[in-house]
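Comments concern the structure below.
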Amino acid sequence: MNLPLHFGWLGVVEATLIAFAAGMLGFLSWRWICRRAGWGEARAIGWACASAVAVGAGIDSWNLFYLGVVRLESPVYARIALGKMHDPDFLGARVFMEWAGAVCGVVVGWILFRTRMQGQA
């Protein structure tokens, strides 16, 4: 994310809310695409989850993966890698909450839109 987020738990909550909004918007757009293509509801939910996680948690997930895979053998390389990240102290919490926020956004969008459609029928 290239947004100026806060550090600590406030930054985690902000990133979660952004991922939640991306999940809801992703579900609405994928539902529209799947209806036009004649696909089922399950494809819209699946693609919305995948795209919401990629948009909402992509960079932070990559940074967490990078720290786990790359061998940081010297303090210089570790300092360079950590310097490129926004708030590396809360990286794990932020990634977990972004994934949860993105999936919950899709589920809440599905529930809200499903109940609205049932009320119209």
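Residues are referred to by chain and number: the chain letter is A, B, ... according to the order shown in the structure tokens, the number counts from 1 in that chain, and ligands are numbered separately from 1 in the order shown.
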(message) Residues within 6 Å of region 19-25 of chain A, please, as a PyMOL selection string. Count only C-alpha atoms; anything in the same chain fewer than 3 positions from it doesn't count.
(response) chain A and resi 16+28+52+56+98+101-102+105-106+109
Create the file for the chosen residues now, containing N, CA, C and O atoms and written as an mmCIF file, in the first residue's frame.
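Written output follows (out-v6.cif):
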```cif
data_model
loop_
_atom_site.group_PDB
_atom_site.id
_atom_site.type_symbol
_atom_site.label_atom_id
_atom_site.label_comp_id
_atom_site.auth_asym_id
_atom_site.auth_seq_id
_atom_site.Cartn_x
_atom_site.Cartn_y
_atom_site.Cartn_z
ATOM 1 N N THR A 16 -6.690 -2.881 7.797
ATOM 2 C CA THR A 16 -7.794 -3.845 7.802
ATOM 3 C C THR A 16 -9.048 -3.241 7.200
ATOM 4 O O THR A 16 -9.748 -3.903 6.420
ATOM 5 N N LEU A 28 -18.788 -6.829 -5.286
ATOM 6 C CA LEU A 28 -19.818 -6.214 -6.124
ATOM 7 C C LEU A 28 -19.412 -6.186 -7.591
ATOM 8 O O LEU A 28 -20.236 -6.456 -8.474
ATOM 9 N N ALA A 52 -9.376 -9.345 -3.711
ATOM 10 C CA ALA A 52 -9.353 -8.479 -2.528
ATOM 11 C C ALA A 52 -8.096 -8.715 -1.700
ATOM 12 O O ALA A 52 -7.499 -7.763 -1.185
ATOM 13 N N GLY A 56 -5.641 -5.773 -1.180
ATOM 14 C CA GLY A 56 -5.585 -5.285 0.196
ATOM 15 C C GLY A 56 -4.346 -5.684 0.963
ATOM 16 O O GLY A 56 -3.893 -4.948 1.843
ATOM 17 N N GLU A 98 -5.221 -7.962 7.423
ATOM 18 C CA GLU A 98 -5.603 -7.590 6.063
ATOM 19 C C GLU A 98 -6.265 -8.762 5.341
ATOM 20 O O GLU A 98 -7.269 -8.584 4.650
ATOM 21 N N GLY A 101 -9.669 -9.120 6.927
ATOM 22 C CA GLY A 101 -10.528 -8.018 6.511
ATOM 23 C C GLY A 101 -11.005 -8.160 5.081
ATOM 24 O O GLY A 101 -12.160 -7.873 4.763
ATOM 25 N N ALA A 102 -10.123 -8.612 4.196
ATOM 26 C CA ALA A 102 -10.509 -8.782 2.789
ATOM 27 C C ALA A 102 -11.567 -9.868 2.648
ATOM 28 O O ALA A 102 -12.579 -9.684 1.957
ATOM 29 N N GLY A 105 -14.836 -8.717 4.173
ATOM 30 C CA GLY A 105 -15.495 -7.756 3.295
ATOM 31 C C GLY A 105 -16.277 -8.444 2.191
ATOM 32 O O GLY A 105 -17.391 -8.040 1.855
ATOM 33 N N VAL A 106 -15.709 -9.502 1.618
ATOM 34 C CA VAL A 106 -16.427 -10.259 0.594
ATOM 35 C C VAL A 106 -17.656 -10.924 1.192
ATOM 36 O O VAL A 106 -18.751 -10.881 0.614
ATOM 37 N N GLY A 109 -20.308 -8.295 2.006
ATOM 38 C CA GLY A 109 -20.928 -7.850 0.759
ATOM 39 C C GLY A 109 -21.887 -8.878 0.197
ATOM 40 O O GLY A 109 -22.964 -8.541 -0.291
#
```
Where does region 44-78 of chain A meet region 34-37 of chain A within 12 Å, residue by residue, with the nearest atom pair and distance in Å to one decimal for each, counting only C-alpha atoms, listed by chain and rising number, as JSON lines?
```
{"residue": "A:Ala44", "atom": "CA", "partner": "A:Cys34", "partner_atom": "CA", "distance": 6.0}
{"residue": "A:Ile45", "atom": "CA", "partner": "A:Cys34", "partner_atom": "CA", "distance": 9.7}
{"residue": "A:Gly46", "atom": "CA", "partner": "A:Cys34", "partner_atom": "CA", "distance": 11.0}
{"residue": "A:Trp47", "atom": "CA", "partner": "A:Cys34", "partner_atom": "CA", "distance": 9.7}
{"residue": "A:Ala48", "atom": "CA", "partner": "A:Cys34", "partner_atom": "CA", "distance": 10.6}
```
(message) Applying 9 Å and only C-alpha atoms, which residues near Met85 (chain A) remain after dropping the ones on its own chain fewer than 6 positions away? List them as a list in words.
(response) Asp60, Asn63 and Leu91 of chain A
(message) Counting only C-alpha atoms, which residue out of A:Leu64, A:Ala78, A:Ala93, A:Cys104 sits closest to Ile18 (chain A)?
(response)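 Using only C-alpha atoms, Ile18 (chain A) sits closest to A:Cys104.
Between CA of Phe90 (chain A) and CA of Val76 (chain A) lies a distance of 21.0 Å.
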